[in-house]
file model.csv (CSV, C-alpha atoms and all ligand atoms)
chain,number,residue,atom,x,y,z
L,1,MET,CA,101.1,126.4,110.3
L,2,LYS,CA,104.2,125.4,108.5
L,3,LEU,CA,104.4,121.6,108.7
L,4,TYR,CA,107.6,120.8,106.8
L,5,ASN,CA,110.9,122.7,106.7
L,6,GLU,CA,112.6,121.8,103.4
L,7,THR,CA,115.6,124.1,104.1
L,8,LEU,CA,116.5,121.9,107.1
L,9,ARG,CA,115.8,118.6,105.3
L,10,HIS,CA,119.4,117.9,104.4
L,11,GLU,CA,120.7,118.6,108.0
L,12,LYS,CA,121.2,115.3,109.7
L,13,GLU,CA,123.6,113.8,112.2
L,14,LEU,CA,124.7,110.2,112.7
L,15,VAL,CA,123.5,108.6,115.9
L,16,PRO,CA,124.8,105.3,117.3
L,17,THR,CA,122.1,103.2,118.9
L,18,ASP,CA,122.2,100.7,121.7
L,19,ASP,CA,122.2,97.5,119.5
L,20,GLY,CA,125.3,98.8,117.6
L,21,SER,CA,123.4,99.9,114.5
L,22,VAL,CA,123.5,103.5,113.4
L,23,THR,CA,120.6,105.9,112.7
L,24,LEU,CA,120.3,109.6,111.9
L,25,TYR,CA,118.9,112.6,113.8
L,26,SER,CA,116.8,114.9,111.6
L,27,LYS,CA,117.1,118.6,112.3
L,28,GLU,CA,113.9,119.2,110.2
L,29,PHE,CA,111.9,117.1,112.6
L,30,ASN,CA,114.1,117.4,115.7
L,31,GLU,CA,113.9,113.7,116.2
L,32,SER,CA,116.0,110.6,115.5
L,33,TYR,CA,114.9,108.1,112.9
L,34,HIS,CA,114.9,105.3,115.5
L,35,SER,CA,114.9,105.1,119.2
L,36,PRO,CA,118.6,105.2,120.3
L,37,LYS,CA,117.7,103.0,123.3
L,38,ASP,CA,115.7,100.4,121.4
L,39,GLY,CA,118.3,100.2,118.6
L,40,ALA,CA,117.6,100.8,114.9
L,41,LEU,CA,117.8,97.2,113.7
L,42,ASN,CA,116.3,95.8,116.9
L,43,GLU,CA,113.3,98.2,116.7
L,44,SER,CA,112.6,97.3,113.1
L,45,LEU,CA,112.7,93.6,113.7
L,46,GLN,CA,111.0,93.4,117.1
L,47,LYS,CA,108.3,96.0,116.7
L,48,HIS,CA,107.5,95.6,113.0
L,49,VAL,CA,108.8,92.7,111.0
L,50,LEU,CA,108.6,89.8,113.5
L,51,PRO,CA,105.1,90.4,114.8
L,52,ALA,CA,103.7,91.1,111.3
L,53,PHE,CA,105.3,88.0,109.8
L,54,ASP,CA,104.2,85.9,112.8
L,55,LEU,CA,100.6,86.8,112.1
L,56,HIS,CA,100.9,86.0,108.4
L,57,GLN,CA,102.6,82.6,108.4
L,58,ASP,CA,100.2,81.0,106.0
L,59,LYS,CA,100.6,83.6,103.1
L,60,SER,CA,102.6,82.9,100.0
L,61,HIS,CA,102.5,86.5,98.9
L,62,LEU,CA,102.7,89.6,101.1
L,63,THR,CA,102.1,93.2,100.1
L,64,ILE,CA,103.7,95.6,102.6
L,65,LEU,CA,103.3,99.4,103.0
L,66,ASP,CA,106.4,100.8,104.7
L,67,ILE,CA,105.6,104.3,106.0
L,68,CYS,CA,108.1,105.9,105.4
L,69,TYR,CA,111.3,104.6,103.8
L,70,GLY,CA,113.7,106.8,105.7
L,71,LEU,CA,116.9,104.8,106.0
L,72,GLY,CA,115.1,101.7,104.8
L,73,TYR,CA,115.6,99.7,108.0
L,74,ASN,CA,112.1,98.2,108.0
L,75,THR,CA,112.3,97.2,104.3
L,76,LEU,CA,115.8,95.7,104.8
L,77,ALA,CA,114.9,94.0,108.0
L,78,THR,CA,112.0,92.4,106.2
L,79,LEU,CA,114.4,91.0,103.6
L,80,TYR,CA,116.8,89.9,106.3
L,81,HIS,CA,114.0,88.0,108.2
L,82,VAL,CA,112.7,86.3,105.0
L,83,LYS,CA,116.2,85.2,103.9
L,84,LYS,CA,117.3,84.1,107.4
L,85,LYS,CA,114.2,82.0,107.9
L,86,ARG,CA,114.2,80.9,104.3
L,87,LEU,CA,110.5,81.8,104.0
L,88,PRO,CA,108.9,80.7,100.7
L,89,VAL,CA,107.0,84.0,100.4
L,90,ARG,CA,107.0,86.6,97.7
L,91,VAL,CA,107.1,90.1,99.1
L,92,HIS,CA,106.1,93.3,97.4
L,93,ILE,CA,107.0,96.4,99.4
L,94,ILE,CA,105.8,99.9,98.6
L,95,SER,CA,107.3,102.8,100.6
L,96,PRO,CA,106.6,106.5,100.3
L,97,GLU,CA,109.4,109.0,101.0
L,98,PHE,CA,109.7,112.7,100.2
L,99,ASP,CA,113.4,113.0,101.1
L,100,GLU,CA,114.8,112.0,97.7
L,101,ALA,CA,118.4,113.1,98.6
L,102,LEU,CA,118.3,110.8,101.6
L,103,VAL,CA,117.3,107.8,99.6
L,104,ARG,CA,120.0,108.6,97.0
L,105,SER,CA,122.6,108.8,99.7
L,106,LEU,CA,121.8,105.4,101.2
L,107,LYS,CA,124.3,103.5,99.0
L,108,GLY,CA,127.0,105.0,101.2
L,109,PHE,CA,125.2,104.4,104.6
L,110,ASP,CA,126.9,102.5,107.4
L,111,TYR,CA,124.3,99.7,107.7
L,112,PRO,CA,124.8,96.8,110.2
L,113,SER,CA,126.5,93.6,109.0
L,114,GLU,CA,123.1,91.9,108.9
L,115,PHE,CA,122.4,93.9,105.7
L,116,GLU,CA,125.7,93.2,104.0
L,117,ALA,CA,124.2,90.7,101.5
L,118,PHE,CA,121.7,93.4,100.4
L,119,LYS,CA,124.3,95.9,99.1
L,120,PRO,CA,123.2,95.4,95.4
L,121,ILE,CA,119.6,96.0,96.5
L,122,ILE,CA,120.4,99.1,98.5
L,123,HIS,CA,122.4,100.4,95.5
L,124,ALA,CA,119.5,99.7,93.1
L,125,ILE,CA,117.0,101.5,95.4
L,126,SER,CA,119.3,104.4,95.9
L,127,GLU,CA,119.7,104.8,92.1
L,128,ASN,CA,116.3,103.8,90.8
L,129,PHE,CA,114.0,103.8,93.8
L,130,TYR,CA,113.1,100.3,92.6
L,131,TYR,CA,114.3,96.7,92.9
L,132,GLU,CA,112.9,93.4,91.7
L,133,ASP,CA,114.0,89.8,91.6
L,134,GLU,CA,112.0,86.5,91.7
L,135,GLN,CA,111.2,86.9,95.4
L,136,PHE,CA,111.2,90.7,96.2
L,137,LYS,CA,109.8,93.8,94.6
L,138,ILE,CA,110.5,97.1,96.3
L,139,GLU,CA,109.1,100.4,95.1
L,140,VAL,CA,110.0,103.7,96.8
L,141,LEU,CA,107.5,106.3,95.9
L,142,ILE,CA,109.3,109.7,96.0
L,143,GLY,CA,106.9,112.4,97.0
L,144,ASP,CA,104.4,113.4,99.7
L,145,ALA,CA,102.8,110.2,101.2
L,146,ARG,CA,99.6,112.1,101.6
L,147,LYS,CA,99.4,112.3,97.8
L,148,THR,CA,101.1,109.1,96.6
L,149,ILE,CA,99.3,106.7,98.9
L,150,PRO,CA,95.7,107.6,98.2
L,151,SER,CA,96.6,107.6,94.5
L,152,LEU,CA,97.4,103.8,94.8
L,153,ASN,CA,93.7,103.3,95.3
L,154,ALA,CA,92.9,104.7,91.9
L,155,GLY,CA,95.6,102.5,90.3
L,156,ARG,CA,97.3,105.6,89.0
L,157,LEU,CA,100.8,104.6,90.2
L,158,THR,CA,102.7,101.3,89.6
L,159,LEU,CA,100.1,99.0,91.1
L,160,ASN,CA,97.0,98.0,89.2
L,161,ALA,CA,93.7,98.6,90.8
L,162,ASN,CA,92.9,95.1,92.0
L,163,ASP,CA,96.4,94.6,93.5
L,164,VAL,CA,96.1,97.4,96.0
L,165,LYS,CA,95.5,95.5,99.3
L,166,PHE,CA,98.2,95.6,101.9
L,167,ASP,CA,98.7,92.6,104.3
L,168,ILE,CA,101.1,94.5,106.4
L,169,VAL,CA,101.6,98.2,107.2
L,170,TYR,CA,104.6,99.5,109.1
L,171,GLN,CA,103.4,102.8,110.4
L,172,ASP,CA,106.8,104.3,111.3
L,173,ALA,CA,106.7,108.1,110.6
L,174,PHE,CA,108.3,110.6,112.9
L,175,SER,CA,106.2,111.1,116.1
L,176,PRO,CA,102.6,112.5,116.0
L,177,LYS,CA,104.0,115.6,117.7
L,178,VAL,CA,106.4,116.6,115.0
L,179,ASN,CA,104.9,114.8,111.9
L,180,PRO,CA,101.1,115.1,112.7
L,181,LEU,CA,99.9,114.8,109.0
L,182,LEU,CA,100.9,111.1,109.0
L,183,TRP,CA,98.8,110.3,112.1
L,184,THR,CA,95.5,112.0,111.4
L,185,LYS,CA,92.1,110.3,111.2
L,186,GLU,CA,92.0,111.1,107.5
L,187,TRP,CA,95.5,109.5,106.9
L,188,PHE,CA,94.4,106.4,108.7
L,189,ALA,CA,91.2,106.3,106.6
L,190,ASP,CA,93.4,106.3,103.4
L,191,ILE,CA,95.5,103.5,104.9
L,192,LYS,CA,92.4,101.5,105.9
L,193,ALA,CA,91.0,101.7,102.4
L,194,LEU,CA,94.1,99.9,101.2
L,195,CYS,CA,94.2,97.2,103.8
L,196,SER,CA,93.2,93.6,103.3
L,197,ASP,CA,90.6,92.2,105.9
L,198,ASP,CA,93.3,90.5,107.9
L,199,ALA,CA,95.9,93.3,107.5
L,200,VAL,CA,98.3,93.9,110.4
L,201,LEU,CA,99.5,97.5,111.1
L,202,THR,CA,102.4,97.8,113.5
L,203,THR,CA,103.4,101.1,115.1
L,204,TYR,CA,105.6,102.3,118.0
L,205,SER,CA,103.2,105.1,118.9
L,206,THR,CA,100.8,104.3,121.7
L,207,ALA,CA,99.6,108.0,121.9
L,208,VAL,CA,95.9,108.5,122.6
L,209,ALA,CA,95.6,110.4,119.3
L,210,THR,CA,97.1,107.4,117.4
L,211,ARG,CA,94.7,105.0,119.1
L,212,MET,CA,91.7,107.2,118.5
L,213,GLY,CA,92.6,107.8,114.8
L,214,LEU,CA,92.9,104.1,114.2
L,215,TYR,CA,89.8,103.1,116.2
L,216,GLU,CA,87.6,105.7,114.5
L,217,ASN,CA,88.5,104.0,111.2
L,218,GLY,CA,87.4,100.6,112.3
L,219,PHE,CA,90.8,99.2,113.4
L,220,VAL,CA,90.8,96.8,116.4
L,221,LEU,CA,93.7,97.7,118.6
L,222,HIS,CA,96.1,95.4,120.5
L,223,ALA,CA,99.0,96.1,122.9
L,224,PHE,CA,102.3,94.5,121.9
L,225,ASP,CA,105.4,93.9,124.1
L,226,ALA,CA,108.4,92.9,122.1
L,227,PRO,CA,111.7,91.9,123.9
L,228,ASN,CA,114.0,94.9,124.7
L,229,THR,CA,111.7,97.6,123.4
L,230,ARG,CA,108.9,99.8,124.8
L,231,ARG,CA,105.3,98.7,124.5
L,232,SER,CA,103.9,99.2,121.0
L,233,LEU,CA,100.6,98.8,119.1
L,234,ILE,CA,99.3,96.3,116.6
L,235,ALA,CA,96.1,97.3,114.7
L,236,SER,CA,94.0,95.2,112.4
L,237,PRO,CA,90.5,95.3,110.8
L,238,ARG,CA,89.8,92.1,112.8
L,239,LYS,CA,90.5,91.1,116.4
L,240,ILE,CA,93.6,89.0,116.8
L,241,GLU,CA,93.0,86.5,119.5
L,242,SER,CA,96.7,85.8,120.3
L,243,LEU,CA,97.3,89.4,121.2
L,244,GLU,CA,96.2,91.7,124.2
L,245,TRP,CA,93.0,93.4,123.0
L,246,ILE,CA,92.6,97.1,124.0
L,247,ASP,CA,89.0,98.0,125.0
L,248,MET,CA,88.7,101.4,123.3
L,249,GLU,CA,85.1,102.0,124.5
L,250,LEU,CA,86.4,101.7,128.1
L,251,LYS,CA,89.4,103.9,127.3
L,252,LYS,CA,87.0,106.5,125.8
L,253,GLN,CA,84.8,106.4,129.0
L,254,ARG,CA,87.9,106.9,131.1
L,255,ASN,CA,89.3,109.7,128.9
L,256,PRO,CA,86.5,111.5,127.2
L,257,GLU,CA,88.8,114.3,126.2
L,258,GLY,CA,91.0,111.9,124.1
L,259,LYS,CA,90.8,112.9,120.4
L,260,SER,CA,92.2,111.9,117.1
L,261,LEU,CA,94.3,114.4,115.1
L,262,ARG,CA,92.4,116.0,112.2
L,263,ASP,CA,93.7,117.4,108.9
L,264,LYS,CA,91.6,120.5,109.3
L,265,ASP,CA,93.3,121.4,112.6
L,266,LEU,CA,96.7,121.3,110.9
L,267,GLN,CA,96.2,123.6,108.0
L,301,LIG,C1,111.1,108.0,111.3
L,301,LIG,S1,111.6,108.1,109.7
L,301,LIG,C2,111.3,106.5,109.0
L,301,LIG,C3,112.3,105.5,109.4
L,301,LIG,C4,112.3,104.3,108.5
L,301,LIG,N1,111.1,103.5,108.7
L,301,LIG,C5,113.5,103.4,108.7
L,301,LIG,O1,113.3,102.2,109.1
L,301,LIG,O2,114.6,103.9,108.5
L,301,LIG,C6,110.3,109.1,108.9
L,301,LIG,C7,110.5,109.3,107.4
L,301,LIG,O3,109.3,109.9,107.0
L,301,LIG,C8,109.6,110.9,105.9
L,301,LIG,N2,108.4,111.7,105.8
L,301,LIG,C9,107.8,112.5,106.7
L,301,LIG,N3,106.7,113.1,106.2
L,301,LIG,C10,106.5,112.6,105.0
L,301,LIG,C11,105.5,112.7,104.0
L,301,LIG,N4,104.5,113.5,104.2
L,301,LIG,N5,105.7,112.0,102.8
L,301,LIG,C12,106.7,111.2,102.6
L,301,LIG,N6,107.7,111.0,103.5
L,301,LIG,C13,107.6,111.7,104.7
L,301,LIG,C14,110.8,111.6,106.5
L,301,LIG,O4,111.6,112.2,105.4
L,301,LIG,C15,111.6,110.4,107.1
L,301,LIG,O5,112.5,109.8,106.2
call {"tool": "encode", "arguments": {"input": "model.csv", "output": "structure tokens"}}
result
Amino acid sequence: MKLYNETLRHEKELVPTDDGSVTLYSKEFNESYHSPKDGALNESLQKHVLPAFDLHQDKSHLTILDICYGLGYNTLATLYHVKKKRLPVRVHIISPEFDEALVRSLKGFDYPSEFEAFKPIIHAISENFYYEDEQFKIEVLIGDARKTIPSLNAGRLTLNANDVKFDIVYQDAFSPKVNPLLWTKEWFADIKALCSDDAVLTTYSTAVATRMGLYENGFVLHAFDAPNTRRSLIASPRKIESLEWIDMELKKQRNPEGKSLRDKDLQ
């Protein structure tokens, strides 16, 4: 099975979304980068950044895995939130992305006014895939996430071995239907190995395969309802009492056919 179509990778169309921010439609994946209904900025903030930061209020350092960089909304919405709330936290974001031309083009992208102050950062990432100041460090790892992310574990990339623990994971790939390699049991195993004990993984996908892949790797699952978006999922190695726990054993009894995606079925 051919899983990626590099000849279509550069073919994209601008799509306005309901909160006024702009996203793209990918012809390679036949999907838009954000839900036009939820809104690109709104989705980033409500489904990913706000719940993740709410659950980590006591931390002075946060290490974040942003899967994948795409238009950078999740990374930039993180900066926006930290700056707006004047949070005294140091943030290190690592984000895989195999569409180098897209990242290079982002210095000209029509971002919402909320990101205006980050123009120099957007420019630096576009040119160098890297940005650092006293509060933020952002690294975009150009290449296939299935290769670059497991390599972090061995300390072979920019992190050193004892630094590789993520507090937050934004699992925001294209959907499991069109980008299955970033939703398999094996992929979630690689992620889990890089998570701290109280890590928070946010994702818009509530598909059975997503839930099973996370659960089979020891993640505890919670349903999450953010304002003006569809129901999403928060996973963590530990149960989060403030959230609505999902009883996966009961779900399995009710749907014994429900399965995780496996790498071997996608080759
Ligand atoms: C839904 S978009 C991400 C949107 C992004 N979070 C944002 O806020 O703009 C998915 C991204 O994953 C990238 N991608 C898909 N498969 C990948 C892989 N195996 N390795 C690296 N990047 C991948 C695509 O090129 C695309 O940019």
call {"tool": "residues_near_ligand", "arguments": {"input": "model.csv", "ligand": "ligand LIG 301 (chain L)", "cutoff": "8 Å", "atoms": "all atoms listed in the file", "output": "ChimeraX atom specification"}}
result
/L:4,9,23,32-34,40,44,66-75,96-99,102,142-146,170-175,179,181-182
call {"tool": "write_last_selection", "arguments": {"input": "model.csv", "atoms": "C-alpha atoms", "output": "PDB file, keeping the file's coordinate frame"}}
result
ATOM      1  CA  TYR L   4     107.600 120.800 106.800  1.00  0.00           C
ATOM      2  CA  ARG L   9     115.800 118.600 105.300  1.00  0.00           C
ATOM      3  CA  THR L  23     120.600 105.900 112.700  1.00  0.00           C
ATOM      4  CA  SER L  32     116.000 110.600 115.500  1.00  0.00           C
ATOM      5  CA  TYR L  33     114.900 108.100 112.900  1.00  0.00           C
ATOM      6  CA  HIS L  34     114.900 105.300 115.500  1.00  0.00           C
ATOM      7  CA  ALA L  40     117.600 100.800 114.900  1.00  0.00           C
ATOM      8  CA  SER L  44     112.600  97.300 113.100  1.00  0.00           C
ATOM      9  CA  ASP L  66     106.400 100.800 104.700  1.00  0.00           C
ATOM     10  CA  ILE L  67     105.600 104.300 106.000  1.00  0.00           C
ATOM     11  CA  CYS L  68     108.100 105.900 105.400  1.00  0.00           C
ATOM     12  CA  TYR L  69     111.300 104.600 103.800  1.00  0.00           C
ATOM     13  CA  GLY L  70     113.700 106.800 105.700  1.00  0.00           C
ATOM     14  CA  LEU L  71     116.900 104.800 106.000  1.00  0.00           C
ATOM     15  CA  GLY L  72     115.100 101.700 104.800  1.00  0.00           C
ATOM     16  CA  TYR L  73     115.600  99.700 108.000  1.00  0.00           C
ATOM     17  CA  ASN L  74     112.100  98.200 108.000  1.00  0.00           C
ATOM     18  CA  THR L  75     112.300  97.200 104.300  1.00  0.00           C
ATOM     19  CA  PRO L  96     106.600 106.500 100.300  1.00  0.00           C
ATOM     20  CA  GLU L  97     109.400 109.000 101.000  1.00  0.00           C
ATOM     21  CA  PHE L  98     109.700 112.700 100.200  1.00  0.00           C
ATOM     22  CA  ASP L  99     113.400 113.000 101.100  1.00  0.00           C
ATOM     23  CA  LEU L 102     118.300 110.800 101.600  1.00  0.00           C
ATOM     24  CA  ILE L 142     109.300 109.700  96.000  1.00  0.00           C
ATOM     25  CA  GLY L 143     106.900 112.400  97.000  1.00  0.00           C
ATOM     26  CA  ASP L 144     104.400 113.400  99.700  1.00  0.00           C
ATOM     27  CA  ALA L 145     102.800 110.200 101.200  1.00  0.00           C
ATOM     28  CA  ARG L 146      99.600 112.100 101.600  1.00  0.00           C
ATOM     29  CA  TYR L 170     104.600  99.500 109.100  1.00  0.00           C
ATOM     30  CA  GLN L 171     103.400 102.800 110.400  1.00  0.00           C
ATOM     31  CA  ASP L 172     106.800 104.300 111.300  1.00  0.00           C
ATOM     32  CA  ALA L 173     106.700 108.100 110.600  1.00  0.00           C
ATOM     33  CA  PHE L 174     108.300 110.600 112.900  1.00  0.00           C
ATOM     34  CA  SER L 175     106.200 111.100 116.100  1.00  0.00           C
ATOM     35  CA  ASN L 179     104.900 114.800 111.900  1.00  0.00           C
ATOM     36  CA  LEU L 181      99.900 114.800 109.000  1.00  0.00           C
ATOM     37  CA  LEU L 182     100.900 111.100 109.000  1.00  0.00           C
TER      38      LEU L 182
END
call {"tool": "closest_residue", "arguments": {"input": "model.csv", "among": "L:Ile121, L:Val89, L:Leu243, L:Ile94", "to": "Lys107 (chain L)", "atoms": "all atoms listed in the file"}}
result
L:Ile121
call {"tool": "atom_distance", "arguments": {"input": "model.csv", "atom1": "CA of Gly213 (chain L)", "atom2": "CA of Gln253 (chain L)"}}
result
16.3 Å
call {"tool": "closest_residue", "arguments": {"input": "model.csv", "among": "L:Ile138, L:Ala77, L:Val22, L:Ile122", "to": "Val49 (chain L)", "atoms": "only C-alpha atoms"}}
result
L:Ala77
call {"tool": "closest_residue", "arguments": {"input": "model.csv", "among": "L:Asn228, L:Val164, L:Trp245, L:Pro120", "to": "Asp38 (chain L)", "atoms": "all atoms listed in the file"}}
result
L:Asn228
call {"tool": "closest_residue", "arguments": {"input": "model.csv", "among": "L:Arg230, L:His81, L:His48, L:Lys137", "to": "Val200 (chain L)", "atoms": "all atoms listed in the file"}}
result
L:His48
call {"tool": "atom_distance", "arguments": {"input": "model.csv", "atom1": "CA of Ser232 (chain L)", "atom2": "CA of Ile149 (chain L)"}}
result
23.8 Å
call {"tool": "atom_distance", "arguments": {"input": "model.csv", "atom1": "CA of Glu127 (chain L)", "atom2": "CA of Ser95 (chain L)"}}
result
15.2 Å
call {"tool": "residues_around", "arguments": {"input": "model.csv", "residues": "Thr63 (chain L)", "least_positions_apart": "5", "cutoff": "8 Å", "atoms": "only C-alpha atoms", "output": "ChimeraX atom specification"}}
result
/L:91-94,165-168
call {"tool": "closest_residue", "arguments": {"input": "model.csv", "among": "L:Ala235, L:Ala101, L:Leu214, L:Ile191", "to": "Ala52 (chain L)", "atoms": "all atoms listed in the file"}}
result
L:Ala235
call {"tool": "residues_near_point", "arguments": {"input": "model.csv", "point": "(97.1, 85.8, 106.5)", "cutoff": "8 Å", "atoms": "only C-alpha atoms", "output": "VMD selection string"}}
result
chain L and resid 55 to 59 167 198 to 199
call {"tool": "closest_residue", "arguments": {"input": "model.csv", "among": "L:Gln267, L:Asp247, L:Ala226, L:Leu65", "to": "Lys192 (chain L)", "atoms": "all atoms listed in the file"}}
result
L:Leu65
call {"tool": "residues_near_point", "arguments": {"input": "model.csv", "point": "(115.5, 86.9, 107.4)", "cutoff": "12 Å", "atoms": "only C-alpha atoms", "output": "mmCIF file with C-alpha atoms, keeping the file's coordinate frame"}}
result
data_model
loop_
_atom_site.group_PDB
_atom_site.id
_atom_site.type_symbol
_atom_site.label_atom_id
_atom_site.label_comp_id
_atom_site.auth_asym_id
_atom_site.auth_seq_id
_atom_site.Cartn_x
_atom_site.Cartn_y
_atom_site.Cartn_z
ATOM 1 C CA LEU L 45 112.700 93.600 113.700
ATOM 2 C CA VAL L 49 108.800 92.700 111.000
ATOM 3 C CA LEU L 50 108.600 89.800 113.500
ATOM 4 C CA PHE L 53 105.300 88.000 109.800
ATOM 5 C CA ASN L 74 112.100 98.200 108.000
ATOM 6 C CA THR L 75 112.300 97.200 104.300
ATOM 7 C CA LEU L 76 115.800 95.700 104.800
ATOM 8 C CA ALA L 77 114.900 94.000 108.000
ATOM 9 C CA THR L 78 112.000 92.400 106.200
ATOM 10 C CA LEU L 79 114.400 91.000 103.600
ATOM 11 C CA TYR L 80 116.800 89.900 106.300
ATOM 12 C CA HIS L 81 114.000 88.000 108.200
ATOM 13 C CA VAL L 82 112.700 86.300 105.000
ATOM 14 C CA LYS L 83 116.200 85.200 103.900
ATOM 15 C CA LYS L 84 117.300 84.100 107.400
ATOM 16 C CA LYS L 85 114.200 82.000 107.900
ATOM 17 C CA ARG L 86 114.200 80.900 104.300
ATOM 18 C CA LEU L 87 110.500 81.800 104.000
ATOM 19 C CA PRO L 88 108.900 80.700 100.700
ATOM 20 C CA VAL L 89 107.000 84.000 100.400
ATOM 21 C CA GLU L 114 123.100 91.900 108.900
ATOM 22 C CA PHE L 115 122.400 93.900 105.700
ATOM 23 C CA ALA L 117 124.200 90.700 101.500
ATOM 24 C CA PHE L 118 121.700 93.400 100.400
#
call {"tool": "build_atoms", "arguments": {"input": "model.csv", "residues": "region 31-43 of chain L", "atoms": "N, CA, C and O atoms", "output": "short mmCIF file (atom, residue, chain, number, x, y, z; two decimals), in the coordinates of the input"}}
result
data_model
loop_
_atom_site.label_atom_id
_atom_site.label_comp_id
_atom_site.auth_asym_id
_atom_site.auth_seq_id
_atom_site.Cartn_x
_atom_site.Cartn_y
_atom_site.Cartn_z
N GLU L 31 114.12 115.07 115.63
CA GLU L 31 113.90 113.70 116.20
C GLU L 31 114.83 112.75 115.46
O GLU L 31 115.21 112.98 114.30
N SER L 32 115.15 111.65 116.14
CA SER L 32 116.00 110.60 115.50
C SER L 32 115.06 109.66 114.72
O SER L 32 113.88 109.52 115.03
N TYR L 33 115.64 109.00 113.71
CA TYR L 33 114.90 108.10 112.90
C TYR L 33 114.47 106.82 113.59
O TYR L 33 113.54 106.12 113.19
N HIS L 34 115.23 106.49 114.64
CA HIS L 34 114.90 105.30 115.50
C HIS L 34 115.22 105.67 116.90
O HIS L 34 115.98 106.59 117.18
N SER L 35 114.66 104.88 117.81
CA SER L 35 114.90 105.10 119.20
C SER L 35 116.38 104.66 119.53
O SER L 35 116.69 103.48 119.36
N PRO L 36 117.24 105.59 119.96
CA PRO L 36 118.60 105.20 120.30
C PRO L 36 118.66 104.08 121.32
O PRO L 36 119.54 103.23 121.30
N LYS L 37 117.69 104.05 122.22
CA LYS L 37 117.70 103.00 123.30
C LYS L 37 117.23 101.66 122.73
O LYS L 37 117.80 100.63 123.07
N ASP L 38 116.18 101.66 121.92
CA ASP L 38 115.70 100.40 121.40
C ASP L 38 116.62 99.80 120.34
O ASP L 38 116.63 98.59 120.12
N GLY L 39 117.39 100.67 119.67
CA GLY L 39 118.30 100.20 118.60
C GLY L 39 117.56 100.18 117.27
O GLY L 39 116.41 99.73 117.20
N ALA L 40 118.24 100.67 116.22
CA ALA L 40 117.60 100.80 114.90
C ALA L 40 117.16 99.42 114.37
O ALA L 40 115.99 99.18 114.04
N LEU L 41 118.10 98.49 114.28
CA LEU L 41 117.80 97.20 113.70
C LEU L 41 116.82 96.41 114.64
O LEU L 41 115.84 95.82 114.19
N ASN L 42 117.11 96.47 115.93
CA ASN L 42 116.30 95.80 116.90
C ASN L 42 114.83 96.26 116.85
O ASN L 42 113.87 95.47 116.85
N GLU L 43 114.65 97.59 116.76
CA GLU L 43 113.30 98.20 116.70
C GLU L 43 112.57 97.72 115.46
O GLU L 43 111.40 97.32 115.51
#
